[in-house]
Structure formats: structure tokens, C-alpha cells
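Structure data (compact mmCIF, C-alpha atoms) from coords-v8.txt:
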# COMPACT_ATOMS: atom_id res chain seq x y z
CA MET A 1 85.34 -2.73 -20.66
CA ARG A 2 81.85 -4.07 -21.36
CA ILE A 3 79.60 -3.15 -24.32
CA ILE A 4 75.99 -4.38 -24.50
CA PHE A 5 73.68 -3.86 -27.48
CA PHE A 6 69.91 -3.91 -26.86
CA ALA A 7 68.15 -4.63 -30.15
CA GLY A 8 64.77 -5.74 -31.47
CA LYS A 9 61.61 -4.69 -33.22
CA GLY A 10 60.34 -1.14 -32.74
CA GLY A 11 58.02 -0.68 -29.76
CA VAL A 12 59.09 -3.73 -27.70
CA GLY A 13 60.72 -1.67 -24.92
CA LYS A 14 64.40 -1.54 -25.92
CA THR A 15 64.98 1.91 -24.44
CA SER A 16 63.39 0.96 -21.09
CA VAL A 17 65.45 -2.24 -20.79
CA ALA A 18 68.69 -0.53 -21.88
CA ALA A 19 68.13 2.30 -19.37
CA ALA A 20 67.25 -0.17 -16.59
CA THR A 21 70.43 -2.17 -17.27
CA GLY A 22 72.49 1.04 -17.25
CA ILE A 23 71.07 2.00 -13.85
CA LYS A 24 71.91 -1.38 -12.31
CA SER A 25 75.42 -1.19 -13.79
CA ALA A 26 75.97 2.33 -12.41
CA GLU A 27 74.72 1.34 -8.96
CA MET A 28 77.36 -1.42 -8.95
CA GLY A 29 79.98 1.36 -9.20
CA GLN A 30 80.67 1.04 -12.95
CA ARG A 31 81.05 4.27 -14.93
CA THR A 32 78.25 3.70 -17.41
CA VAL A 33 77.10 5.57 -20.51
CA ILE A 34 73.83 4.75 -22.27
CA MET A 35 73.93 5.79 -25.93
CA SER A 36 70.96 6.05 -28.25
CA LEU A 37 71.51 4.55 -31.71
CA ASP A 38 67.97 5.48 -32.79
CA ILE A 39 67.44 8.76 -34.66
CA ALA A 40 64.07 8.98 -32.85
CA HIS A 41 65.91 9.53 -29.54
CA SER A 42 63.87 8.77 -26.41
CA LEU A 43 66.46 8.36 -23.66
CA SER A 44 65.77 11.79 -22.23
CA ASP A 45 62.04 10.95 -22.23
CA ILE A 46 62.45 7.58 -20.49
CA PHE A 47 64.50 9.26 -17.75
CA ASP A 48 61.73 11.89 -17.55
CA LEU A 49 64.15 14.79 -17.96
CA GLU A 50 62.67 18.27 -18.15
CA LYS A 51 64.74 19.43 -21.12
CA SER A 52 65.84 17.52 -24.20
CA LEU A 53 69.44 16.33 -24.19
CA LEU A 54 69.82 17.93 -27.59
CA ASP A 55 69.00 21.32 -26.03
CA THR A 56 71.32 20.95 -23.06
CA GLY A 57 74.15 18.70 -24.15
CA LYS A 58 74.67 19.28 -27.86
CA GLY A 59 75.17 15.55 -28.38
CA VAL A 60 77.76 14.92 -25.63
CA PRO A 61 77.18 12.63 -22.59
CA ILE A 62 75.04 14.17 -19.83
CA LYS A 63 75.38 12.94 -16.25
CA VAL A 64 71.96 11.96 -14.86
CA HIS A 65 73.00 10.10 -11.70
CA LYS A 66 76.07 8.86 -9.86
CA ASN A 67 78.24 6.87 -12.34
CA LEU A 68 75.57 7.24 -15.03
CA TRP A 69 75.59 9.28 -18.26
CA ILE A 70 73.24 9.28 -21.24
CA GLN A 71 74.03 10.44 -24.76
CA GLU A 72 71.89 11.31 -27.79
CA LEU A 73 73.77 12.52 -30.85
CA ASP A 74 73.04 15.83 -32.52
CA ILE A 75 73.80 15.32 -36.22
CA GLN A 76 74.45 19.03 -36.82
CA GLN A 77 77.10 19.03 -34.10
CA GLU A 78 78.58 15.83 -35.53
CA ILE A 79 78.87 17.43 -38.98
CA GLU A 80 80.97 20.19 -37.44
CA ARG A 81 83.09 17.75 -35.43
CA ASN A 82 83.60 14.94 -37.94
CA TRP A 83 82.11 15.63 -41.35
CA GLY A 84 83.15 19.21 -42.18
CA GLU A 85 84.95 18.80 -45.52
CA ILE A 86 82.83 15.82 -46.63
CA HIS A 87 79.55 17.63 -45.95
CA LYS A 88 80.90 20.80 -47.57
CA TYR A 89 81.76 18.99 -50.82
CA LEU A 90 78.44 17.12 -50.95
CA SER A 91 76.51 20.36 -50.38
CA VAL A 92 78.34 22.02 -53.30
CA LEU A 93 77.73 18.93 -55.44
CA PHE A 94 73.96 18.98 -54.77
CA LYS A 95 73.77 22.73 -55.38
CA THR A 96 75.11 22.25 -58.92
CA THR A 97 71.91 20.30 -59.71
CA GLY A 98 69.89 23.46 -59.12
CA LEU A 99 68.70 22.62 -55.61
CA ASP A 100 68.04 25.36 -53.10
CA GLU A 101 71.09 25.91 -50.83
CA ILE A 102 69.28 24.90 -47.62
CA LEU A 103 67.84 21.78 -49.26
CA ALA A 104 71.27 20.89 -50.68
CA GLU A 105 72.81 21.12 -47.21
CA GLU A 106 70.04 18.91 -45.80
CA LEU A 107 70.48 16.27 -48.53
CA ALA A 108 74.22 16.27 -47.89
CA ILE A 109 73.49 14.57 -44.53
CA LEU A 110 73.75 11.08 -45.97
CA PRO A 111 72.35 7.87 -44.44
CA GLY A 112 75.04 6.37 -42.23
CA MET A 113 76.62 9.63 -41.04
CA GLU A 114 75.04 9.36 -37.60
CA GLU A 115 75.89 5.66 -37.31
CA VAL A 116 79.55 6.29 -38.20
CA SER A 117 79.64 9.10 -35.63
CA LEU A 118 78.36 6.68 -32.99
CA LEU A 119 81.04 4.16 -33.93
CA LEU A 120 83.65 6.91 -33.55
CA TYR A 121 82.42 7.61 -30.02
CA ILE A 122 82.41 3.93 -29.07
CA ASN A 123 85.96 3.49 -30.37
CA GLN A 124 87.09 6.63 -28.54
CA TYR A 125 85.50 5.54 -25.24
CA VAL A 126 87.18 2.13 -25.48
CA ARG A 127 90.58 3.62 -26.31
CA ASP A 128 90.45 6.36 -23.67
CA LYS A 129 88.83 4.10 -21.02
CA GLU A 130 86.47 6.98 -20.27
CA PHE A 131 83.72 4.56 -19.22
CA ASP A 132 83.65 1.03 -17.83
CA VAL A 133 80.37 0.10 -19.53
CA ILE A 134 78.72 1.23 -22.77
CA ILE A 135 75.00 0.44 -23.12
CA LEU A 136 73.62 0.83 -26.65
CA ASP A 137 69.92 1.46 -27.20
CA CYS A 138 69.59 0.29 -30.80
CA ALA A 139 67.26 1.42 -33.56
CA PRO A 140 64.66 -1.09 -34.87
CA THR A 141 66.11 -4.30 -36.32
CA GLY A 142 66.73 -3.24 -39.95
CA GLU A 143 68.64 -0.10 -38.97
CA SER A 144 70.59 -2.00 -36.31
CA ILE A 145 71.78 -4.47 -38.95
CA ARG A 146 72.92 -1.59 -41.14
CA PHE A 147 74.77 -0.15 -38.14
CA ILE A 148 76.75 -3.33 -37.40
CA SER A 149 77.56 -3.79 -41.10
CA ILE A 150 79.17 -0.34 -41.43
CA PRO A 151 82.72 -1.33 -40.31
CA THR A 152 82.84 -4.17 -42.87
CA THR A 153 81.45 -1.92 -45.63
CA LEU A 154 83.88 0.91 -44.87
CA ASP A 155 86.83 -1.47 -44.77
CA TRP A 156 85.85 -2.81 -48.20
CA TYR A 157 85.42 0.73 -49.57
CA ILE A 158 88.80 1.96 -48.29
CA LYS A 159 90.68 -1.11 -49.57
CA LYS A 160 88.93 -1.51 -52.94
CA ILE A 161 87.51 1.84 -54.05
CA PHE A 162 88.97 4.75 -52.09
CA LYS A 163 92.50 4.79 -53.52
CA MET A 164 91.16 4.41 -57.04
CA GLU A 165 88.75 7.33 -56.58
CA LYS A 166 91.50 9.49 -55.12
CA THR A 167 93.85 8.72 -58.01
CA ILE A 168 91.17 9.36 -60.65
CA ALA A 169 90.20 12.66 -59.02
CA LYS A 170 93.84 13.75 -58.95
CA PHE A 171 94.50 13.09 -62.65
CA VAL A 172 91.07 13.75 -64.14
CA GLY A 173 90.15 16.67 -61.89
CA PRO A 174 92.01 19.47 -63.75
CA VAL A 175 90.48 18.42 -67.10
CA ALA A 176 87.00 17.82 -65.65
CA LYS A 177 86.89 21.32 -64.13
CA LYS A 178 87.33 22.82 -67.60
CA VAL A 179 84.68 20.64 -69.25
CA TYR A 180 82.02 20.03 -66.56
CA LYS A 181 80.34 22.22 -64.00
CA VAL A 182 80.17 19.33 -61.52
CA PRO A 183 82.85 19.85 -58.83
CA VAL A 184 85.56 17.21 -58.43
CA PRO A 185 86.52 16.37 -54.82
CA GLY A 186 89.87 17.77 -53.70
CA ASP A 187 92.54 16.53 -51.31
CA GLU A 188 90.64 17.95 -48.31
CA TYR A 189 87.67 15.67 -49.05
CA PHE A 190 89.79 12.52 -49.37
CA ASP A 191 91.94 13.45 -46.35
CA ALA A 192 88.77 13.82 -44.26
CA ILE A 193 87.56 10.34 -45.28
CA GLU A 194 90.97 8.84 -44.54
CA TYR A 195 91.05 10.53 -41.13
CA LEU A 196 87.59 9.18 -40.30
CA PHE A 197 88.63 5.67 -41.24
CA GLU A 198 91.80 5.89 -39.13
CA ARG A 199 89.70 6.81 -36.09
CA LEU A 200 87.44 3.80 -36.73
CA LYS A 201 90.28 1.27 -36.85
CA GLY A 202 89.75 -1.60 -34.46
CA ILE A 203 86.00 -1.09 -33.94
CA ASP A 204 85.17 -4.18 -36.01
CA GLN A 205 87.25 -6.37 -33.68
CA ILE A 206 85.70 -4.79 -30.59
CA MET A 207 82.17 -5.53 -31.83
CA VAL A 208 82.83 -9.24 -32.41
CA ASP A 209 84.91 -9.82 -29.26
CA PRO A 210 82.60 -11.77 -26.88
CA ALA A 211 84.79 -10.81 -23.92
CA ILE A 212 83.79 -7.18 -24.54
CA THR A 213 80.56 -7.07 -26.55
CA SER A 214 77.22 -8.84 -26.18
CA VAL A 215 73.87 -8.46 -27.89
CA ARG A 216 70.60 -8.79 -25.95
CA LEU A 217 67.44 -9.09 -28.00
CA ILE A 218 64.23 -7.59 -26.62
CA ALA A 219 60.96 -9.28 -27.57
CA ASN A 220 57.32 -9.53 -26.53
CA PRO A 221 55.46 -12.88 -26.45
CA GLU A 222 53.68 -12.23 -29.75
CA LYS A 223 53.88 -13.99 -33.14
CA ILE A 224 55.05 -11.05 -35.29
CA VAL A 225 57.57 -9.87 -32.70
CA LEU A 226 59.06 -13.37 -32.33
CA LYS A 227 59.45 -13.65 -36.10
CA GLU A 228 61.33 -10.33 -36.18
CA THR A 229 63.45 -11.45 -33.22
CA GLN A 230 64.37 -14.66 -35.06
CA ARG A 231 65.50 -12.56 -38.01
CA ALA A 232 67.59 -10.27 -35.79
CA PHE A 233 69.05 -13.34 -34.04
CA MET A 234 70.14 -14.80 -37.36
CA TYR A 235 71.72 -11.59 -38.66
CA PHE A 236 73.66 -10.84 -35.47
CA CYS A 237 74.95 -14.43 -35.59
CA LEU A 238 76.01 -13.96 -39.21
CA TYR A 239 78.02 -10.91 -38.17
CA ARG A 240 79.69 -13.11 -35.49
CA MET A 241 78.31 -11.03 -32.62
CA ASN A 242 77.70 -12.81 -29.32
CA ILE A 243 74.02 -12.97 -28.30
CA ASP A 244 73.94 -13.74 -24.59
CA ALA A 245 70.27 -13.24 -23.63
CA ILE A 246 66.71 -12.75 -24.85
CA ILE A 247 64.61 -10.44 -22.68
CA MET A 248 60.90 -11.19 -22.98
CA ASN A 249 59.26 -7.90 -22.06
CA ARG A 250 55.67 -7.03 -21.07
CA VAL A 251 54.58 -10.47 -19.92
CA LEU A 252 51.19 -10.46 -18.19
CA PRO A 253 51.70 -11.35 -14.48
CA PRO A 254 50.17 -14.71 -13.46
CA LYS A 255 48.32 -13.01 -10.57
CA ILE A 256 45.95 -11.37 -13.07
CA LYS A 257 42.76 -13.47 -12.83
CA ASP A 258 40.35 -11.30 -14.80
CA SER A 259 38.60 -13.42 -17.48
CA TYR A 260 39.14 -10.59 -19.99
CA PHE A 261 42.86 -11.48 -20.04
CA GLU A 262 42.55 -15.30 -20.12
CA ALA A 263 42.99 -15.70 -23.90
CA TRP A 264 45.80 -13.15 -23.91
CA GLN A 265 47.63 -14.98 -21.11
CA GLU A 266 47.19 -18.32 -22.90
CA ASN A 267 48.64 -16.85 -26.10
CA GLN A 268 51.58 -15.42 -24.19
CA ARG A 269 52.30 -18.80 -22.55
CA TYR A 270 52.28 -20.43 -25.98
CA TYR A 271 54.72 -17.90 -27.45
CA MET A 272 56.97 -18.09 -24.39
CA GLU A 273 57.28 -21.85 -24.95
CA LEU A 274 57.90 -21.23 -28.65
CA ALA A 275 60.65 -18.74 -27.79
CA GLU A 276 62.38 -21.43 -25.72
CA GLU A 277 62.39 -23.69 -28.81
CA TYR A 278 63.56 -20.89 -31.11
CA PHE A 279 66.44 -19.51 -29.05
CA SER A 280 67.73 -22.37 -26.88
CA PRO A 281 70.44 -22.49 -25.48
CA ILE A 282 70.32 -18.67 -25.13
CA PRO A 283 68.71 -17.85 -21.74
CA ILE A 284 65.39 -15.98 -21.69
CA PHE A 285 64.68 -13.40 -18.98
CA PRO A 286 61.00 -12.44 -18.59
CA ALA A 287 59.84 -9.00 -17.45
CA ASN A 288 56.23 -8.40 -16.43
CA LEU A 289 54.00 -5.71 -17.85
CA PHE A 290 53.96 -2.79 -15.40
CA ARG A 291 50.75 -1.25 -14.09
CA SER A 292 51.74 2.13 -15.54
CA GLU A 293 54.18 3.65 -17.98
CA ILE A 294 57.85 3.14 -17.11
CA LEU A 295 59.29 6.61 -16.62
CA GLY A 296 62.02 7.98 -14.41
CA TYR A 297 64.89 6.53 -12.40
CA GLU A 298 62.91 4.64 -9.74
CA SER A 299 60.58 2.77 -12.11
CA LEU A 300 63.55 1.86 -14.35
CA LYS A 301 65.36 0.55 -11.28
CA LYS A 302 62.35 -1.70 -10.52
CA LEU A 303 62.42 -3.00 -14.09
CA ALA A 304 66.12 -3.86 -13.73
CA ALA A 305 65.41 -5.77 -10.51
CA GLN A 306 62.67 -7.75 -12.24
CA ILE A 307 64.86 -8.66 -15.25
CA TYR A 308 68.11 -9.50 -13.48
CA GLY A 309 67.15 -10.20 -9.85
CA GLN A 310 70.42 -10.84 -8.01
CA ARG A 311 72.35 -11.50 -11.25
CA ASN A 312 75.12 -9.21 -12.41
CA PRO A 313 73.78 -7.50 -15.60
CA LEU A 314 77.34 -7.28 -16.96
CA GLU A 315 77.80 -11.05 -16.83
CA ARG A 316 78.06 -12.95 -20.12
CA PHE A 317 74.99 -15.15 -19.85
CA PHE A 318 75.98 -17.28 -22.86
CA ASP A 319 79.34 -17.86 -24.53
CA GLY A 320 79.79 -19.29 -27.98
CA GLN A 321 77.85 -19.37 -31.23
CA PRO A 322 74.56 -21.32 -31.30
CA TYR A 323 75.18 -21.98 -34.98
CA ASN A 324 77.55 -21.03 -37.79
CA LEU A 325 76.71 -20.30 -41.44
CA THR A 326 79.42 -20.32 -44.12
CA LYS A 327 79.59 -20.34 -47.92
CA GLU A 328 82.05 -22.39 -49.97
CA ASP A 329 81.96 -22.90 -53.75
CA GLY A 330 78.45 -21.51 -53.93
CA VAL A 331 77.12 -23.88 -51.25
CA TYR A 332 75.80 -22.55 -47.93
CA CYS A 333 76.55 -24.77 -44.93
CA LEU A 334 74.90 -24.41 -41.53
CA LYS A 335 76.68 -25.99 -38.57
CA ILE A 336 74.60 -26.68 -35.43
CA LYS A 337 75.94 -28.20 -32.22
CA ILE A 338 73.74 -31.13 -31.13
CA PRO A 339 75.70 -33.27 -28.62
CA PHE A 340 74.83 -36.94 -28.12
CA ALA A 341 72.72 -37.08 -31.30
CA GLY A 342 72.91 -39.92 -33.81
CA LYS A 343 72.15 -39.58 -37.51
CA ASP A 344 68.90 -41.59 -37.23
CA GLN A 345 67.66 -39.43 -34.34
CA VAL A 346 67.62 -36.13 -36.24
CA GLU A 347 64.65 -35.05 -38.36
CA LEU A 348 64.97 -32.07 -40.69
CA ASN A 349 62.23 -29.99 -42.35
CA LYS A 350 62.45 -26.82 -44.41
CA VAL A 351 59.24 -24.75 -44.55
CA SER A 352 59.50 -21.59 -46.64
CA ASP A 353 62.35 -19.56 -45.04
CA GLU A 354 62.52 -21.64 -41.86
CA LEU A 355 64.55 -24.74 -41.04
CA ILE A 356 63.11 -26.99 -38.32
CA VAL A 357 65.45 -29.45 -36.58
CA ARG A 358 63.88 -32.16 -34.39
CA MET A 359 65.62 -34.66 -32.14
CA GLY A 360 63.31 -36.41 -29.69
CA SER A 361 61.70 -33.70 -27.59
CA PHE A 362 64.29 -31.15 -28.79
CA LYS A 363 63.10 -28.84 -31.56
CA LYS A 364 64.88 -25.81 -33.03
CA HIS A 365 63.56 -23.26 -35.53
CA LEU A 366 66.09 -21.34 -37.61
CA LEU A 367 65.06 -18.46 -39.83
CA LEU A 368 67.23 -18.59 -42.95
CA PRO A 369 68.67 -15.67 -44.95
CA ARG A 370 66.82 -15.09 -48.25
CA GLN A 371 69.60 -16.53 -50.45
CA VAL A 372 69.79 -19.67 -48.31
CA ALA A 373 66.01 -20.07 -48.10
CA ALA A 374 65.83 -19.99 -51.92
CA SER A 375 68.03 -23.09 -52.19
CA LYS A 376 66.29 -26.11 -53.77
CA SER A 377 68.42 -28.89 -52.32
CA VAL A 378 69.06 -29.52 -48.62
CA LYS A 379 71.50 -32.21 -47.43
CA ALA A 380 72.55 -33.02 -43.86
CA ARG A 381 75.13 -35.17 -42.11
CA MET A 382 76.38 -35.63 -38.55
CA GLU A 383 80.05 -34.96 -37.80
CA ALA A 384 80.92 -35.77 -34.17
CA GLU A 385 78.53 -33.58 -32.14
CA TYR A 386 77.72 -31.19 -35.01
CA LEU A 387 74.90 -31.36 -37.53
CA ASN A 388 76.04 -29.96 -40.90
CA VAL A 389 73.22 -28.83 -43.19
CA CYS A 390 74.16 -27.81 -46.75
CA PHE A 391 71.92 -25.79 -49.09
CA GLU A 392 72.45 -25.90 -52.85
CA GLY A 393 70.79 -23.99 -55.68
CA ASP A 394 69.48 -25.27 -59.02
CA ASP A 395 72.92 -25.26 -60.63
CA HIS A 396 74.12 -27.83 -58.06
CA GLY A 397 71.27 -30.23 -58.68
If you took the structure in this file and wrote it as C-alpha cells, what would it be?
Amino acid sequence: MRIIFFAGKGGVGKTSVAAATGIKSAEMGQRTVIMSLDIAHSLSDIFDLEKSLLDTGKGVPIKVHKNLWIQELDIQQEIERNWGEIHKYLSVLFKTTGLDEILAEELAILPGMEEVSLLLYINQYVRDKEFDVIILDCAPTGESIRFISIPTTLDWYIKKIFKMEKTIAKFVGPVAKKVYKVPVPGDEYFDAIEYLFERLKGIDQIMVDPAITSVRLIANPEKIVLKETQRAFMYFCLYRMNIDAIIMNRVLPPKIKDSYFEAWQENQRYYMELAEEYFSPIPIFPANLFRSEILGYESLKKLAAQIYGQRNPLERFFDGQPYNLTKEDGVYCLKIKIPFAGKDQVELNKVSDELIVRMGSFKKHLLLPRQVAASKSVKARMEAEYLNVCFEGDDHG
């Protein structure tokens, strides 16, 4: 089983790259499903299908070619399949506030319902071995981070809050019904949540297992996009997910000689070099800007050939963590592998929310989480081949 996330800033070409990778995987004989994690689904558009998947498939996988399926969720269908009792209770709850019935039902579709439904499908496909490869076309960065944090959040909720809520509802419910008009959730509501959680068990381990799951970040050689890609890189690392490639999309081909594009090409070359500094040792695969819009199977196949060449797209292009961030006793510590470096060879600078590590011609830029960036004191030491950088707040001096 192989699972590959394609993530990045909105508009960089995630759907095209995910679809292209899925095509190459399917043509290698692997049963491949491409799933859209973005509520603004565009998989059916990128494959240039005549009818929307939501019209024809009702949210289930649709076969578009030999060994290749695509899937866009229909939240209304998912409510019926997975959220019946939960949605029913929330609708009743919202109606007690005086909201119109239709509006109450709409508001009862809470943020996260679609993401949890997607996790249920992924877990099911892994368990049932229905597909060999799952390709995930992620939403823009912020929503992708929320998606990968859901298993951890749900685990915390079930262990810390759920049993308490269920017990309170059981003992307080009969009294509350006599005093308040607000409905108290019954056993059906709590049973539905418990059943959902049972079906999600194991998904957290699947997502952080580098033998199964990889993340590939899509970027364009532009300043704002690279900054967003750095942020995504850092957050996926924090969630212990394996990033095995950066795909630099829409690079102007060198054969373009028109003077109109000279400055643009120069800027792109600069940001390509910067990307090498930012993301090393993660490999970067460039993909040229096409003459026309990428639509349909054949043009997606050409994109795949340009990105991967003769390489197997299911290969793990990088194993291991480029760096590791931990927190102990209120102190954040960043561990970076720098082999053959001596203490006197390493230069460290912190500029705003960015840490810059220099060693000879080697330079690495690390975008820090907000809490870490706010630290006033930065201390570093070499331990064998690792550079340990510790960040302390005001209370630590």
C-alpha cells in the first residue's frame, strides 16, 4: 500500500500534479484512486469529464481509465452514511435557537465532517486492500494542516472529554429536560460518535508511517509561494509525516528567448536556487509551464513524464526527518543533522520567524512555529553530527 499527499498553497497546480502521478501509477499496473481533499473539488474538471462526479457517482470512486479511479466526496451522502444521528441531534439543537429548519440543517454540517469522512475512506481502503495506491489532492495549506491534525484531536477528545460528556448527559439529562428546552444528547448520539472513532482507529499510525505515506509539496518559483511552502514543510514535519519531494511547478522553459520573459526567468532561477537552500536534502523535481491549460488524460500523462521521467512515482525519494522539534520543561529544541561539522564552523542567525544556519557554502532556512519564533533566547551546541538549537522565553532568561 502506498499513500501520497500532494499539498501546497492554493493555485500552484496540486490537482494537476496529483492527477498526473495517479495516471503514471495506474499505467504501471497499480490499482490507484485519486481522492480530492478540497471542498472546491476540481478532479472531474482536470480530467475534462463531461458530467460532475457529484452528479454521477454520489461521492464514491468513479473509474476513469484502466486501474484508475477518482473520488470527490458528496457531504450530503456522507451525512447519510456516517453522520446520521450526530447531524440529527445538531439540527434539533440549532432549531431550538429559533433558526429556520433548513438553515439549522445546513449549520449542523460542522467543519471537519468532510475531513473525517475522508479519513474513514482512507482507513477502509487500507484495511480492505481495495486499492494499491491512494493519491490525495489536498486543500490549500491551512486546511491540509487541519486535516492531518484531526486524528490527534479526536483521540484527545475521546480519551479526555467523551466519557465525561456521556456520563453527564446520562445523569443530568432527565433533570435538564424538565428545566430547559435545549435537547440533551441521547445514547444514539454518543454511540454514533463511538462508532465513528472505532472506524478511524489506526489511521494516525498509517499517516506517519514512512513506508506507507509520503507528502509531496507543490510550489512555484515565487517568493510568496516559497514562504507558504516553508510553512507547510515545517508543519508536516511537526506532525512526523515524511516529506519525500518538492515539485516546482510552472517553471519557464529555458528555450524561451523572448526579452519580455527575461526578468521573469531570472527571478525564477533565483527562487529555484533559494528552494534548494530551504529544502535540502529533500529532492526538487521541476515541471515546465505548459503552452496551454493542462486538461484531460493525455496532457496529464505528459506532465507526469516531465516530473518523474523514468523514475517510479511510488518510490520514496527521501527517507528520514530533515529536522526534529521537541519541547521539554518549556524549552523548544530543534535538532538538525549536519554531518562533519565542527562547533566553530556553524553560524546561526534568527531573523523574525526564520532561523538561518550557515556552514561554509551550506545554508539552511527554517521557518519557525509562532511560539518558537517568539522566544527571546537562542542557544546552540553540537552533539556528534547533530546541531541542537534551544529556544527559551523570557521566564528562562
- Task: Could you tell me which of A:Asp353, A:Asp38, A:Glu72, A:Asp244 comes closest to A:Phe285 if we count all atoms listed in the file?
- Result: A:Asp244
- Task: For A:Gly13, please output as a ChimeraX atom specification all residues within 12 Å (counting all atoms listed in the file; exclusion window: fewer than 6 positions along the same chain).
- Result: /A:6-7,19-20,42-43,46,137-140,217-220,225,247-251,287-290,293-295,300,303
Keeping only C-alpha atoms, write the selected residues to a file as a PDB file, in the frame of the given file.
ATOM      1  CA  PHE A   6      69.910  -3.910 -26.860  1.00  0.00           C
ATOM      2  CA  ALA A   7      68.150  -4.630 -30.150  1.00  0.00           C
ATOM      3  CA  ALA A  19      68.130   2.300 -19.370  1.00  0.00           C
ATOM      4  CA  ALA A  20      67.250  -0.170 -16.590  1.00  0.00           C
ATOM      5  CA  SER A  42      63.870   8.770 -26.410  1.00  0.00           C
ATOM      6  CA  LEU A  43      66.460   8.360 -23.660  1.00  0.00           C
ATOM      7  CA  ILE A  46      62.450   7.580 -20.490  1.00  0.00           C
ATOM      8  CA  ASP A 137      69.920   1.460 -27.200  1.00  0.00           C
ATOM      9  CA  CYS A 138      69.590   0.290 -30.800  1.00  0.00           C
ATOM     10  CA  ALA A 139      67.260   1.420 -33.560  1.00  0.00           C
ATOM     11  CA  PRO A 140      64.660  -1.090 -34.870  1.00  0.00           C
ATOM     12  CA  LEU A 217      67.440  -9.090 -28.000  1.00  0.00           C
ATOM     13  CA  ILE A 218      64.230  -7.590 -26.620  1.00  0.00           C
ATOM     14  CA  ALA A 219      60.960  -9.280 -27.570  1.00  0.00           C
ATOM     15  CA  ASN A 220      57.320  -9.530 -26.530  1.00  0.00           C
ATOM     16  CA  VAL A 225      57.570  -9.870 -32.700  1.00  0.00           C
ATOM     17  CA  ILE A 247      64.610 -10.440 -22.680  1.00  0.00           C
ATOM     18  CA  MET A 248      60.900 -11.190 -22.980  1.00  0.00           C
ATOM     19  CA  ASN A 249      59.260  -7.900 -22.060  1.00  0.00           C
ATOM     20  CA  ARG A 250      55.670  -7.030 -21.070  1.00  0.00           C
ATOM     21  CA  VAL A 251      54.580 -10.470 -19.920  1.00  0.00           C
ATOM     22  CA  ALA A 287      59.840  -9.000 -17.450  1.00  0.00           C
ATOM     23  CA  ASN A 288      56.230  -8.400 -16.430  1.00  0.00           C
ATOM     24  CA  LEU A 289      54.000  -5.710 -17.850  1.00  0.00           C
ATOM     25  CA  PHE A 290      53.960  -2.790 -15.400  1.00  0.00           C
ATOM     26  CA  GLU A 293      54.180   3.650 -17.980  1.00  0.00           C
ATOM     27  CA  ILE A 294      57.850   3.140 -17.110  1.00  0.00           C
ATOM     28  CA  LEU A 295      59.290   6.610 -16.620  1.00  0.00           C
ATOM     29  CA  LEU A 300      63.550   1.860 -14.350  1.00  0.00           C
ATOM     30  CA  LEU A 303      62.420  -3.000 -14.090  1.00  0.00           C
TER      31      LEU A 303
END
- Message: List as a count of residues only the protein and nucleic acid residues near A:Ile145, meaning an atom at most 12 Å away when only C-alpha atoms are counted, but skip any in the same chain fewer than 4 places from it.
- Response: 26
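Proximity to A:Gln124 was assessed for A:Lys350, A:Cys390, A:Arg316, A:Gly202 counting all atoms listed in the file; the smallest distance is recorded for A:Gly202.
Atom CA of A:Phe391 lies 10.6 Å from atom CA of A:Leu368.
Closest to A:Ala169 among A:Glu194, A:Glu143, A:Glu114, A:Asp187 is A:Asp187, based on all atoms listed in the file.
When all atoms listed in the file are used to measure the gap to A:Ser117, the shortest distance among A:Ala384, A:Leu200, A:Ala245, A:Ala263 belongs to A:Leu200.
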Residues within 12 Å of A:Gly320, please, as a compact mmCIF listing (two decimals) with C-alpha atoms, keeping the file's coordinate frame. Count only C-alpha atoms; anything in the same chain fewer than 4 positions from it doesn't count.
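Produced file result-v7.txt, reproduced below:
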# COMPACT_ATOMS: atom_id res chain seq x y z
CA VAL A 208 82.83 -9.24 -32.41
CA ASP A 209 84.91 -9.82 -29.26
CA PRO A 210 82.60 -11.77 -26.88
CA ALA A 211 84.79 -10.81 -23.92
CA SER A 214 77.22 -8.84 -26.18
CA CYS A 237 74.95 -14.43 -35.59
CA ARG A 240 79.69 -13.11 -35.49
CA MET A 241 78.31 -11.03 -32.62
CA ASN A 242 77.70 -12.81 -29.32
CA ILE A 243 74.02 -12.97 -28.30
CA ASP A 244 73.94 -13.74 -24.59
CA PRO A 281 70.44 -22.49 -25.48
CA ILE A 282 70.32 -18.67 -25.13
CA ARG A 316 78.06 -12.95 -20.12
CA ASN A 324 77.55 -21.03 -37.79
CA ILE A 336 74.60 -26.68 -35.43
CA LYS A 337 75.94 -28.20 -32.22
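With all atoms listed in the file as the basis for measurement, A:Gln71 is the residue among A:Ile246, A:Lys129, A:Gln71, A:Pro253 that approaches A:His41 most closely.
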Which residues are near A:Thr32? Cut-off 6 Å, all atoms listed in the file, ignore same chain within fewer than 5 positions. Put them as a short mmCIF file (atom, residue, chain, number, x, y, z; two decimals) with C-alpha atoms, in the frame of the given file.
data_model
loop_
_atom_site.label_atom_id
_atom_site.label_comp_id
_atom_site.auth_asym_id
_atom_site.auth_seq_id
_atom_site.Cartn_x
_atom_site.Cartn_y
_atom_site.Cartn_z
CA ALA A 26 75.97 2.33 -12.41
CA ASN A 67 78.24 6.87 -12.34
CA LEU A 68 75.57 7.24 -15.03
CA PHE A 131 83.72 4.56 -19.22
CA VAL A 133 80.37 0.10 -19.53
CA ILE A 134 78.72 1.23 -22.77
#
- Task: Would you mind reading off the distance between atom CA of A:Ile256 and atom CA of A:Gln268, one decimal, in Å?
- Result: 13.1 Å
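Between atom CA of A:Val389 and atom CA of A:Cys333 the interatomic distance comes to 5.5 Å.
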- Can you pull out every residue within 9 Å of A:Ile356, counting only C-alpha atoms, but drop anything in the same chain fewer than 2 positions away, and send it as JSON, numbers by chain? {"A": [347, 348, 349, 350, 351, 354, 358, 363, 364, 365, 366, 367]}
- Item | For A:Lys88, the nearest of the candidates A:Glu277, A:Asp48, A:Glu130, A:Glu101, counting only C-alpha atoms | A:Glu101
